[in-house]
>>> print(open('entry-v5.txt').read())   # compact mmCIF, C-alpha atoms
# COMPACT_ATOMS: atom_id res chain seq x y z
CA ARG A 26 -37.09 130.83 1.43
CA GLU A 27 -40.54 129.49 0.76
CA ALA A 28 -43.42 129.47 3.22
CA SER A 29 -43.76 125.78 2.37
CA PRO A 30 -41.93 123.27 0.13
CA LEU A 31 -45.26 122.96 -1.71
CA SER A 32 -45.65 126.71 -2.19
CA THR A 33 -46.05 128.29 -5.60
CA GLY A 34 -45.79 131.81 -4.21
CA ARG A 35 -49.50 132.40 -3.67
CA LEU A 36 -49.20 132.19 0.12
CA GLU A 37 -46.17 134.50 0.13
CA SER A 38 -48.03 136.92 -2.11
CA ARG A 39 -51.09 136.93 0.15
CA LEU A 40 -49.00 137.53 3.28
CA LEU A 41 -47.03 140.37 1.68
CA ARG A 42 -50.11 142.11 0.26
CA SER A 43 -51.99 141.89 3.57
CA ALA A 44 -49.11 143.36 5.56
CA GLY A 45 -48.97 147.04 6.42
CA HIS A 46 -45.49 147.08 4.89
CA GLY A 47 -44.44 143.92 3.04
CA VAL A 48 -40.70 143.33 2.66
CA TYR A 49 -39.26 140.42 0.67
CA ASP A 50 -35.57 139.71 1.29
CA VAL A 51 -33.77 137.52 -1.26
CA ASP A 52 -30.15 136.37 -1.38
CA ASP A 53 -30.30 133.52 -3.91
CA ALA A 54 -31.29 133.36 -7.58
CA LEU A 55 -34.53 131.49 -6.90
CA PHE A 56 -35.81 132.49 -10.33
CA HIS A 57 -33.29 130.10 -11.89
CA ASP A 58 -34.55 127.16 -9.79
CA THR A 59 -37.36 125.67 -11.88
CA GLY A 60 -37.10 122.21 -10.31
CA SER A 61 -37.68 118.91 -12.05
CA GLY A 62 -40.38 116.26 -12.03
CA VAL A 63 -43.06 116.92 -9.40
CA ARG A 64 -40.84 119.70 -7.99
CA ARG A 65 -41.58 121.71 -11.13
CA LEU A 66 -45.17 122.07 -9.91
CA PHE A 67 -43.90 123.98 -6.87
CA SER A 68 -41.00 125.90 -8.38
CA LYS A 69 -39.06 128.52 -6.48
CA ALA A 70 -39.11 130.62 -9.64
CA ASP A 71 -42.87 131.05 -9.25
CA THR A 72 -42.45 131.82 -5.57
CA PHE A 73 -39.90 134.51 -6.39
CA ALA A 74 -42.00 136.11 -9.13
CA ARG A 75 -45.19 136.31 -7.09
CA ALA A 76 -43.48 137.48 -3.90
CA VAL A 77 -41.50 140.19 -5.68
CA ALA A 78 -44.65 141.53 -7.38
CA ALA A 79 -46.57 141.59 -4.09
CA ALA A 80 -43.94 143.20 -1.85
CA ASP A 81 -43.86 146.91 -1.06
CA VAL A 82 -40.06 146.68 -1.22
CA VAL A 83 -37.60 143.96 -2.17
CA VAL A 84 -34.24 143.73 -0.39
CA ALA A 85 -31.71 142.15 -2.77
CA GLY A 86 -28.36 140.79 -1.63
CA ASN A 87 -26.52 141.88 -4.78
CA ASP A 88 -26.95 143.73 -8.07
CA TYR A 89 -27.71 140.57 -10.06
CA LEU A 90 -30.72 139.79 -7.86
CA ALA A 91 -31.76 143.44 -7.82
CA ASP A 92 -31.75 143.62 -11.62
CA ARG A 93 -34.09 140.64 -11.90
CA ALA A 94 -36.39 141.85 -9.12
CA SER A 95 -36.63 145.34 -10.62
CA ARG A 96 -38.52 143.98 -13.63
CA THR A 97 -41.69 143.63 -11.56
CA ALA A 98 -40.99 145.05 -8.08
CA ARG A 99 -42.32 148.42 -6.92
CA GLU A 100 -39.07 149.23 -5.10
CA VAL A 101 -35.73 147.40 -4.82
CA VAL A 102 -32.97 148.14 -2.33
CA VAL A 103 -29.55 146.44 -2.46
CA ILE A 104 -28.26 145.46 0.98
CA PRO A 105 -25.49 142.84 0.85
CA SER A 106 -25.37 139.81 3.08
CA CYS A 107 -23.62 140.86 6.28
CA VAL A 108 -21.73 139.35 9.21
CA GLU A 109 -21.01 140.42 12.77
CA PRO A 110 -17.19 140.44 12.87
CA ALA A 111 -17.14 140.45 16.69
CA ALA A 112 -18.89 137.06 16.68
CA TYR A 113 -15.89 135.43 15.00
CA ARG A 114 -12.69 134.34 16.66
CA THR A 115 -9.80 136.23 15.06
CA LYS A 116 -6.80 134.36 13.73
CA THR A 117 -3.59 135.41 15.48
CA ASP A 118 -0.99 132.80 14.50
CA TYR A 119 -0.20 132.91 10.79
CA ALA A 120 2.54 130.29 10.76
CA VAL A 121 1.37 127.53 8.43
CA ALA A 122 0.72 124.25 10.24
CA GLU A 123 2.95 121.24 9.63
CA THR A 124 -0.03 119.79 7.79
CA PRO A 125 -1.58 122.83 6.10
CA ARG A 126 -5.34 123.18 6.35
CA ILE A 127 -7.56 124.41 3.50
CA VAL A 128 -10.96 125.42 4.90
CA TRP A 129 -14.32 125.33 3.15
CA VAL A 130 -17.62 126.07 4.93
CA GLY A 131 -21.05 125.54 3.42
CA SER A 132 -24.20 123.46 3.14
CA PRO A 133 -24.43 119.87 1.88
CA SER A 134 -26.06 121.06 -1.34
CA THR A 135 -23.07 123.27 -2.19
CA GLU A 136 -20.38 120.66 -1.54
CA ALA A 137 -20.58 119.87 -5.26
CA TYR A 138 -18.59 123.02 -5.94
CA LEU A 139 -15.60 121.34 -4.30
CA LEU A 140 -15.72 118.59 -6.91
CA GLY A 141 -15.16 121.21 -9.60
CA ILE A 142 -11.69 121.97 -8.23
CA ALA A 143 -10.87 118.46 -7.01
CA PRO A 144 -7.87 118.05 -9.38
CA ALA A 145 -6.39 121.31 -8.12
CA LEU A 146 -6.90 120.43 -4.46
CA SER A 147 -5.32 117.02 -5.03
CA GLU A 148 -2.31 118.67 -6.67
CA VAL A 149 -1.93 121.17 -3.81
CA HIS A 150 -2.03 118.23 -1.40
CA ARG A 151 0.70 116.49 -3.41
CA ARG A 152 2.91 119.59 -3.35
CA THR A 153 2.32 120.81 0.21
CA GLY A 154 0.64 118.00 2.15
CA ALA A 155 -2.40 120.24 2.70
CA ARG A 156 -5.70 118.66 3.71
CA VAL A 157 -9.19 120.01 3.06
CA HIS A 158 -11.28 120.79 6.14
CA VAL A 159 -14.96 120.68 5.16
CA ILE A 160 -17.28 122.41 7.66
CA SER A 161 -20.76 121.21 6.72
CA ALA A 162 -23.69 119.10 7.83
CA GLY A 163 -23.06 116.86 4.82
CA SER A 164 -21.53 113.41 4.74
CA ALA A 165 -21.62 112.41 1.06
CA SER A 166 -18.52 111.17 -0.72
CA LEU A 167 -16.35 113.80 -2.40
CA GLY A 168 -14.78 111.28 -4.74
CA GLU A 169 -11.06 111.66 -5.22
CA LEU A 170 -10.93 114.18 -2.37
CA ASP A 171 -12.10 111.71 0.28
CA PRO A 172 -8.55 110.65 1.31
CA ILE A 173 -7.55 114.25 2.03
CA VAL A 174 -10.82 115.54 3.53
CA GLU A 175 -11.54 116.09 7.21
CA ARG A 176 -15.12 116.89 8.21
CA THR A 177 -16.57 119.03 11.00
CA ASP A 178 -20.28 119.59 11.52
CA TRP A 179 -21.44 123.15 11.01
CA GLY A 180 -22.50 124.68 14.34
CA THR A 181 -21.37 126.66 17.35
CA THR A 182 -17.71 125.75 16.78
CA THR A 183 -17.68 126.91 13.14
CA SER A 184 -15.84 130.13 13.97
CA ASP A 185 -13.05 128.23 15.75
CA SER A 186 -12.80 125.76 12.87
CA ILE A 187 -12.46 128.54 10.29
CA CYS A 188 -9.86 130.33 12.40
CA ALA A 189 -7.78 127.15 12.65
CA GLY A 190 -7.30 127.05 8.88
CA ASP A 191 -4.35 128.35 6.88
CA VAL A 192 -6.30 129.36 3.77
CA ALA A 193 -10.01 129.35 2.91
CA ILE A 194 -11.69 128.63 -0.41
CA GLY A 195 -14.89 129.66 -2.16
CA PRO A 196 -15.23 127.78 -5.47
CA LEU A 197 -18.25 128.34 -7.71
CA THR A 198 -19.19 127.36 -11.25
CA ASP A 199 -20.06 130.28 -13.52
CA THR A 200 -23.78 129.53 -13.92
CA PRO A 201 -26.82 131.81 -13.75
CA TYR A 202 -27.77 130.38 -10.34
CA ALA A 203 -24.27 130.86 -8.89
CA ARG A 204 -24.16 134.47 -10.11
CA GLY A 205 -26.96 135.21 -7.67
CA LYS A 206 -25.02 134.02 -4.62
CA CYS A 207 -23.98 136.64 -2.08
CA ALA A 208 -20.40 135.66 -1.10
CA TYR A 209 -21.37 134.79 2.47
CA LYS A 210 -18.57 132.22 2.78
CA LEU A 211 -15.98 134.86 1.96
CA LEU A 212 -17.41 137.23 4.55
CA GLN A 213 -17.09 134.57 7.23
CA TYR A 214 -13.50 133.87 6.24
CA ALA A 215 -12.71 137.58 6.32
CA ALA A 216 -14.31 138.04 9.74
CA ALA A 217 -11.90 135.41 11.06
CA GLY A 218 -8.95 137.10 9.32
CA LEU A 219 -8.22 134.13 7.06
CA PRO A 220 -6.50 134.53 3.64
CA MET A 221 -8.76 133.24 0.87
CA VAL A 222 -8.96 132.08 -2.72
CA ALA A 223 -12.29 132.05 -4.58
CA SER A 224 -14.00 131.96 -7.94
CA PRO A 225 -14.72 135.51 -9.22
CA VAL A 226 -18.39 134.67 -9.89
CA GLY A 227 -21.30 136.91 -8.93
CA ALA A 228 -20.84 138.76 -5.64
CA ASN A 229 -17.59 136.84 -5.05
CA ARG A 230 -15.86 139.12 -7.55
CA ALA A 231 -16.66 142.33 -5.69
CA ALA A 232 -15.94 140.73 -2.31
CA LEU A 233 -12.51 139.54 -3.45
CA ASP A 234 -11.65 143.04 -4.66
CA VAL A 235 -12.65 144.59 -1.35
CA LEU A 236 -11.30 141.90 0.99
CA GLY A 237 -8.05 141.31 -0.86
CA GLY A 238 -8.51 137.64 -1.69
CA SER A 239 -7.10 135.82 -4.73
CA ALA A 240 -9.30 134.99 -7.72
CA ALA A 241 -9.02 131.63 -9.49
CA THR A 242 -10.81 130.42 -12.60
CA SER A 243 -8.82 127.44 -13.94
CA GLN A 244 -7.35 124.41 -12.20
CA SER A 245 -3.87 125.87 -12.62
CA ASP A 246 -5.07 129.18 -11.13
CA TRP A 247 -6.27 127.34 -8.06
CA VAL A 248 -3.02 125.43 -7.66
CA ASP A 249 -0.89 128.56 -8.09
CA ALA A 250 -3.01 130.74 -5.78
CA LEU A 251 -3.27 128.18 -2.99
CA THR A 252 0.42 127.27 -3.02
CA THR A 253 1.32 130.98 -3.06
CA VAL A 254 -0.79 131.65 0.04
CA LEU A 255 0.49 128.58 1.86
CA ARG A 256 4.14 129.37 1.10
CA ALA A 257 3.94 133.09 1.88
CA PRO A 258 5.79 134.35 4.99
CA GLY A 259 3.73 134.58 8.16
CA GLU A 260 4.04 138.38 8.18
CA THR A 261 2.55 138.61 4.70
CA ARG A 262 -0.26 136.22 5.54
CA ALA A 263 -1.01 138.27 8.66
CA LEU A 264 -1.29 141.44 6.56
CA TRP A 265 -3.73 139.69 4.20
CA GLY A 266 -5.81 138.53 7.15
CA ALA A 267 -5.83 141.96 8.78
CA ARG A 268 -6.96 143.64 5.56
CA ALA A 269 -9.78 141.14 5.12
CA ARG A 270 -11.04 141.68 8.64
CA GLU A 271 -10.84 145.48 8.42
CA GLN A 272 -12.62 145.58 5.08
CA VAL A 273 -15.40 143.18 6.05
CA ALA A 274 -16.15 145.41 9.05
CA GLU A 275 -16.19 148.51 6.86
CA HIS A 276 -18.20 147.15 3.94
CA TYR A 277 -20.15 144.04 5.02
CA SER A 278 -20.90 144.34 8.74
CA PHE A 279 -24.30 144.72 10.39
CA ASP A 280 -23.16 148.07 11.80
CA ARG A 281 -22.36 149.34 8.31
CA TRP A 282 -25.82 148.51 6.95
CA ALA A 283 -28.05 148.91 10.04
CA ASP A 284 -29.36 152.36 9.08
CA SER A 285 -30.17 151.25 5.52
CA TRP A 286 -31.93 148.15 6.81
CA MET A 287 -34.06 150.06 9.33
CA ALA A 288 -35.00 152.67 6.74
CA THR A 289 -36.10 149.89 4.38
CA VAL A 290 -38.15 147.77 6.76
CA GLN A 291 -39.90 150.67 8.47
CA PRO A 292 -42.92 151.99 6.52
>>> encode(input="entry-v5.txt", output="structure tokens")
Amino acid sequence: REASPLSTGRLESRLLRSAGHGVYDVDDALFHDTGSGVRRLFSKADTFARAVAAADVVVAGNDYLADRASRTAREVVVIPSCVEPAAYRTKTDYAVAETPRIVWVGSPSTEAYLLGIAPALSEVHRRTGARVHVISAGSASLGELDPIVERTDWGTTTSDSICAGDVAIGPLTDTPYARGKCAYKLLQYAAAGLPMVASPVGANRAALDVLGGSAATSQSDWVDALTTVLRAPGETRALWGARAREQVAEHYSFDRWADSWMATVQP
């Protein structure tokens, strides 16, 4: 985050240096966001560089961010993005709905990742009748996906909306910026006990290994993985969901990382 959309990092730097113990927490690859046009004058890359250099300690959400921060930071601690599993409704019925539901949750700016797997999602719809449930504050057209998309605003009912799905997705493009993302979508899906398919990019790769989700890189991978999950017996799907929920509690919960966090933020 920036202190202001017009910030170049000088305000962040001043605040961090004047603090008794300045902590800068980062969970996106801001250093790859140089902006364009007038935005280039207030780039997030500058904000990142100045804040990292000024902080007493940088908290990085994954190893990729930590590696970049360590070039200029005095101290870097890796603490992954976390969720509170108890805050999520847990899926209990793993019978696939008559009209299967593929869930994606995110911000309007990340809806573009859905377009990257649009052919695969259209093919899964053709084979299974599945529709894509987009949980987001966005409203922009998703092109060829529009006829099979249902939208729900992100908010207090997000947990219920995730839980109502049959499979969740986390597509990413393999770009420097995406490699800095912290797999938060996958953690939310896991907290609800929902089977998932995602791109093995950045922190997604480690999260999939731990949570037991399926990795997909090509359009055919996405079609195969999604149809496999949707056609699996309810008992198998329940086992996948239970593993995801157990592992997110063990590896990505606030309880798991509370001691590390307190040790980092306390001078």
>>> closest_residue(input="entry-v5.txt", among="A:Ala165, A:Gly237, A:Asn87, A:Ala155", to="Glu136 of chain A", atoms="only C-alpha atoms")
A:Ala165
>>> closest_residue(input="entry-v5.txt", among="A:Cys188, A:Ala208, A:Ala111, A:Leu251", to="Glu148 of chain A", atoms="all atoms listed in the file")
A:Leu251
>>> residues_near_point(input="entry-v5.txt", point="(-15.3, 119.8, 2.9)", cutoff="9 Å", atoms="all atoms listed in the file", output="MDAnalysis selection string")
chainID A and resid 128:131 136 139 157:161 163 167 170 174:177
>>> closest_residue(input="entry-v5.txt", among="A:Thr198, A:Gln213, A:Ser147, A:Ser285", to="Thr183 of chain A", atoms="all atoms listed in the file")
A:Gln213
>>> closest_residue(input="entry-v5.txt", among="A:Leu264, A:Val77, A:Ser166, A:Ala137", to="Leu41 of chain A", atoms="all atoms listed in the file")
A:Val77
>>> atom_distance(input="entry-v5.txt", atom1="atom CA of Val121 of chain A", atom2="atom CA of His150 of chain A")
14.0 Å
>>> closest_residue(input="entry-v5.txt", among="A:Leu197, A:Ala79, A:Leu236, A:Val192", to="Pro220 of chain A", atoms="all atoms listed in the file")
A:Val192
>>> closest_residue(input="entry-v5.txt", among="A:Ala215, A:Ala223, A:Leu36, A:Val102", to="Gly86 of chain A", atoms="all atoms listed in the file")
A:Val102
>>> residues_around(input="entry-v5.txt", residues="Thr72 of chain A", least_positions_apart="5", cutoff="10 Å", atoms="only C-alpha atoms", output="VMD selection string")
chain A and resid 26 to 28 32 to 38 55 to 56 67 77
>>> atom_distance(input="entry-v5.txt", atom1="atom CA of Ala193 of chain A", atom2="atom CA of Ile127 of chain A")
5.5 Å
>>> residues_around(input="entry-v5.txt", residues="Gly195 of chain A", least_positions_apart="3", cutoff="8 Å", atoms="all atoms listed in the file", output="PyMOL selection string")
chain A and resi 129+210-211+221-224
>>> residues_around(input="entry-v5.txt", residues="Arg204 of chain A", least_positions_apart="6", cutoff="8 Å", atoms="all atoms listed in the file", output="VMD selection string")
chain A and resid 54 89 226 to 228
>>> atom_distance(input="entry-v5.txt", atom1="atom CA of Arg114 of chain A", atom2="atom CA of Phe279 of chain A")
16.8 Å
>>> residues_around(input="entry-v5.txt", residues="Cys107 of chain A", least_positions_apart="4", cutoff="9 Å", atoms="only C-alpha atoms", output="MDAnalysis selection string")
chainID A and resid 209 212 273 276:279 281:282
>>> residues_near_point(input="entry-v5.txt", point="(-8.3, 136.8, 14.3)", cutoff="6 Å", atoms="only C-alpha atoms", output="list in words")
Arg114, Thr115, Lys116, Thr117, Ala217 and Gly218 of chain A
>>> residues_around(input="entry-v5.txt", residues="Ala263 of chain A", least_positions_apart="2", cutoff="10 Å", atoms="only C-alpha atoms", output="list in words")
Lys116, Thr117, Asp118, Tyr119, Ala120, Gly218, Leu219, Pro220, Ala257, Pro258, Gly259, Glu260, Thr261, Trp265, Gly266, Ala267, Arg268 and Ala269 of chain A
>>> decode(input="entry-v5.txt", residues="segment 119-152 of chain A", atoms="N, CA and C atoms", output="PDB file, in the first residue's frame")
ATOM      1  N   TYR A 119     -20.570 -32.587  -0.356  1.00  0.00           N
ATOM      2  CA  TYR A 119     -19.652 -32.633  -1.492  1.00  0.00           C
ATOM      3  C   TYR A 119     -20.263 -33.274  -2.735  1.00  0.00           C
ATOM      4  N   ALA A 120     -21.561 -33.448  -2.738  1.00  0.00           N
ATOM      5  CA  ALA A 120     -22.229 -33.883  -3.962  1.00  0.00           C
ATOM      6  C   ALA A 120     -22.258 -32.707  -4.929  1.00  0.00           C
ATOM      7  N   VAL A 121     -21.821 -32.932  -6.159  1.00  0.00           N
ATOM      8  CA  VAL A 121     -21.771 -31.849  -7.136  1.00  0.00           C
ATOM      9  C   VAL A 121     -23.190 -31.438  -7.513  1.00  0.00           C
ATOM     10  N   ALA A 122     -23.412 -30.128  -7.570  1.00  0.00           N
ATOM     11  CA  ALA A 122     -24.731 -29.604  -7.895  1.00  0.00           C
ATOM     12  C   ALA A 122     -25.144 -29.993  -9.314  1.00  0.00           C
ATOM     13  N   GLU A 123     -26.452 -29.971  -9.565  1.00  0.00           N
ATOM     14  CA  GLU A 123     -26.950 -30.295 -10.909  1.00  0.00           C
ATOM     15  C   GLU A 123     -26.288 -29.393 -11.946  1.00  0.00           C
ATOM     16  N   THR A 124     -26.154 -28.106 -11.597  1.00  0.00           N
ATOM     17  CA  THR A 124     -25.355 -27.194 -12.404  1.00  0.00           C
ATOM     18  C   THR A 124     -24.090 -26.894 -11.609  1.00  0.00           C
ATOM     19  N   PRO A 125     -22.979 -27.544 -11.928  1.00  0.00           N
ATOM     20  CA  PRO A 125     -21.759 -27.371 -11.146  1.00  0.00           C
ATOM     21  C   PRO A 125     -21.316 -25.911 -11.095  1.00  0.00           C
ATOM     22  N   ARG A 126     -20.692 -25.550  -9.988  1.00  0.00           N
ATOM     23  CA  ARG A 126     -20.279 -24.163  -9.782  1.00  0.00           C
ATOM     24  C   ARG A 126     -18.766 -24.093  -9.587  1.00  0.00           C
ATOM     25  N   ILE A 127     -18.108 -23.332 -10.477  1.00  0.00           N
ATOM     26  CA  ILE A 127     -16.676 -23.062 -10.390  1.00  0.00           C
ATOM     27  C   ILE A 127     -16.517 -21.678  -9.760  1.00  0.00           C
ATOM     28  N   VAL A 128     -15.848 -21.601  -8.621  1.00  0.00           N
ATOM     29  CA  VAL A 128     -15.755 -20.354  -7.863  1.00  0.00           C
ATOM     30  C   VAL A 128     -14.409 -19.669  -8.086  1.00  0.00           C
ATOM     31  N   TRP A 129     -14.469 -18.363  -8.272  1.00  0.00           N
ATOM     32  CA  TRP A 129     -13.273 -17.520  -8.282  1.00  0.00           C
ATOM     33  C   TRP A 129     -13.563 -16.301  -7.435  1.00  0.00           C
ATOM     34  N   VAL A 130     -12.653 -15.941  -6.533  1.00  0.00           N
ATOM     35  CA  VAL A 130     -12.818 -14.738  -5.710  1.00  0.00           C
ATOM     36  C   VAL A 130     -11.613 -13.836  -5.908  1.00  0.00           C
ATOM     37  N   GLY A 131     -11.852 -12.540  -6.034  1.00  0.00           N
ATOM     38  CA  GLY A 131     -10.737 -11.623  -6.243  1.00  0.00           C
ATOM     39  C   GLY A 131     -11.200 -10.196  -6.426  1.00  0.00           C
ATOM     40  N   SER A 132     -10.265  -9.340  -6.807  1.00  0.00           N
ATOM     41  CA  SER A 132     -10.548  -7.922  -7.020  1.00  0.00           C
ATOM     42  C   SER A 132     -10.810  -7.669  -8.503  1.00  0.00           C
ATOM     43  N   PRO A 133     -11.459  -6.540  -8.830  1.00  0.00           N
ATOM     44  CA  PRO A 133     -11.699  -6.233 -10.242  1.00  0.00           C
ATOM     45  C   PRO A 133     -10.430  -6.227 -11.084  1.00  0.00           C
ATOM     46  N   SER A 134      -9.326  -5.764 -10.505  1.00  0.00           N
ATOM     47  CA  SER A 134      -8.085  -5.672 -11.279  1.00  0.00           C
ATOM     48  C   SER A 134      -7.499  -7.036 -11.621  1.00  0.00           C
ATOM     49  N   THR A 135      -7.880  -8.078 -10.885  1.00  0.00           N
ATOM     50  CA  THR A 135      -7.329  -9.408 -11.160  1.00  0.00           C
ATOM     51  C   THR A 135      -8.285 -10.293 -11.961  1.00  0.00           C
ATOM     52  N   GLU A 136      -9.450  -9.767 -12.322  1.00  0.00           N
ATOM     53  CA  GLU A 136     -10.374 -10.555 -13.140  1.00  0.00           C
ATOM     54  C   GLU A 136      -9.768 -10.908 -14.496  1.00  0.00           C
ATOM     55  N   ALA A 137      -8.775 -10.138 -14.920  1.00  0.00           N
ATOM     56  CA  ALA A 137      -8.134 -10.410 -16.213  1.00  0.00           C
ATOM     57  C   ALA A 137      -7.514 -11.799 -16.255  1.00  0.00           C
ATOM     58  N   TYR A 138      -7.133 -12.334 -15.104  1.00  0.00           N
ATOM     59  CA  TYR A 138      -6.555 -13.677 -15.091  1.00  0.00           C
ATOM     60  C   TYR A 138      -7.568 -14.734 -15.541  1.00  0.00           C
ATOM     61  N   LEU A 139      -8.839 -14.456 -15.358  1.00  0.00           N
ATOM     62  CA  LEU A 139      -9.866 -15.388 -15.830  1.00  0.00           C
ATOM     63  C   LEU A 139      -9.881 -15.458 -17.350  1.00  0.00           C
ATOM     64  N   LEU A 140      -9.596 -14.332 -17.996  1.00  0.00           N
ATOM     65  CA  LEU A 140      -9.601 -14.318 -19.464  1.00  0.00           C
ATOM     66  C   LEU A 140      -8.529 -15.241 -20.020  1.00  0.00           C
ATOM     67  N   GLY A 141      -7.443 -15.425 -19.264  1.00  0.00           N
ATOM     68  CA  GLY A 141      -6.365 -16.284 -19.731  1.00  0.00           C
ATOM     69  C   GLY A 141      -6.752 -17.745 -19.833  1.00  0.00           C
ATOM     70  N   ILE A 142      -7.774 -18.156 -19.074  1.00  0.00           N
ATOM     71  CA  ILE A 142      -8.222 -19.558 -19.153  1.00  0.00           C
ATOM     72  C   ILE A 142      -9.664 -19.649 -19.670  1.00  0.00           C
ATOM     73  N   ALA A 143     -10.110 -18.596 -20.337  1.00  0.00           N
ATOM     74  CA  ALA A 143     -11.484 -18.575 -20.857  1.00  0.00           C
ATOM     75  C   ALA A 143     -11.784 -19.761 -21.776  1.00  0.00           C
ATOM     76  N   PRO A 144     -10.898 -20.132 -22.711  1.00  0.00           N
ATOM     77  CA  PRO A 144     -11.206 -21.301 -23.553  1.00  0.00           C
ATOM     78  C   PRO A 144     -11.417 -22.569 -22.743  1.00  0.00           C
ATOM     79  N   ALA A 145     -10.609 -22.753 -21.707  1.00  0.00           N
ATOM     80  CA  ALA A 145     -10.739 -23.952 -20.872  1.00  0.00           C
ATOM     81  C   ALA A 145     -12.052 -23.938 -20.101  1.00  0.00           C
ATOM     82  N   LEU A 146     -12.407 -22.802 -19.536  1.00  0.00           N
ATOM     83  CA  LEU A 146     -13.656 -22.709 -18.778  1.00  0.00           C
ATOM     84  C   LEU A 146     -14.868 -22.923 -19.684  1.00  0.00           C
ATOM     85  N   SER A 147     -14.790 -22.420 -20.895  1.00  0.00           N
ATOM     86  CA  SER A 147     -15.883 -22.630 -21.855  1.00  0.00           C
ATOM     87  C   SER A 147     -16.020 -24.113 -22.205  1.00  0.00           C
ATOM     88  N   GLU A 148     -14.880 -24.788 -22.343  1.00  0.00           N
ATOM     89  CA  GLU A 148     -14.910 -26.215 -22.664  1.00  0.00           C
ATOM     90  C   GLU A 148     -15.452 -27.028 -21.480  1.00  0.00           C
ATOM     91  N   VAL A 149     -15.073 -26.671 -20.272  1.00  0.00           N
ATOM     92  CA  VAL A 149     -15.600 -27.373 -19.096  1.00  0.00           C
ATOM     93  C   VAL A 149     -17.117 -27.164 -18.999  1.00  0.00           C
ATOM     94  N   HIS A 150     -17.561 -25.961 -19.325  1.00  0.00           N
ATOM     95  CA  HIS A 150     -19.008 -25.705 -19.353  1.00  0.00           C
ATOM     96  C   HIS A 150     -19.684 -26.596 -20.389  1.00  0.00           C
ATOM     97  N   ARG A 151     -19.072 -26.733 -21.561  1.00  0.00           N
ATOM     98  CA  ARG A 151     -19.665 -27.554 -22.613  1.00  0.00           C
ATOM     99  C   ARG A 151     -19.772 -29.011 -22.168  1.00  0.00           C
ATOM    100  N   ARG A 152     -18.748 -29.495 -21.462  1.00  0.00           N
ATOM    101  CA  ARG A 152     -18.729 -30.902 -21.062  1.00  0.00           C
ATOM    102  C   ARG A 152     -19.593 -31.203 -19.843  1.00  0.00           C
TER     103      ARG A 152
END
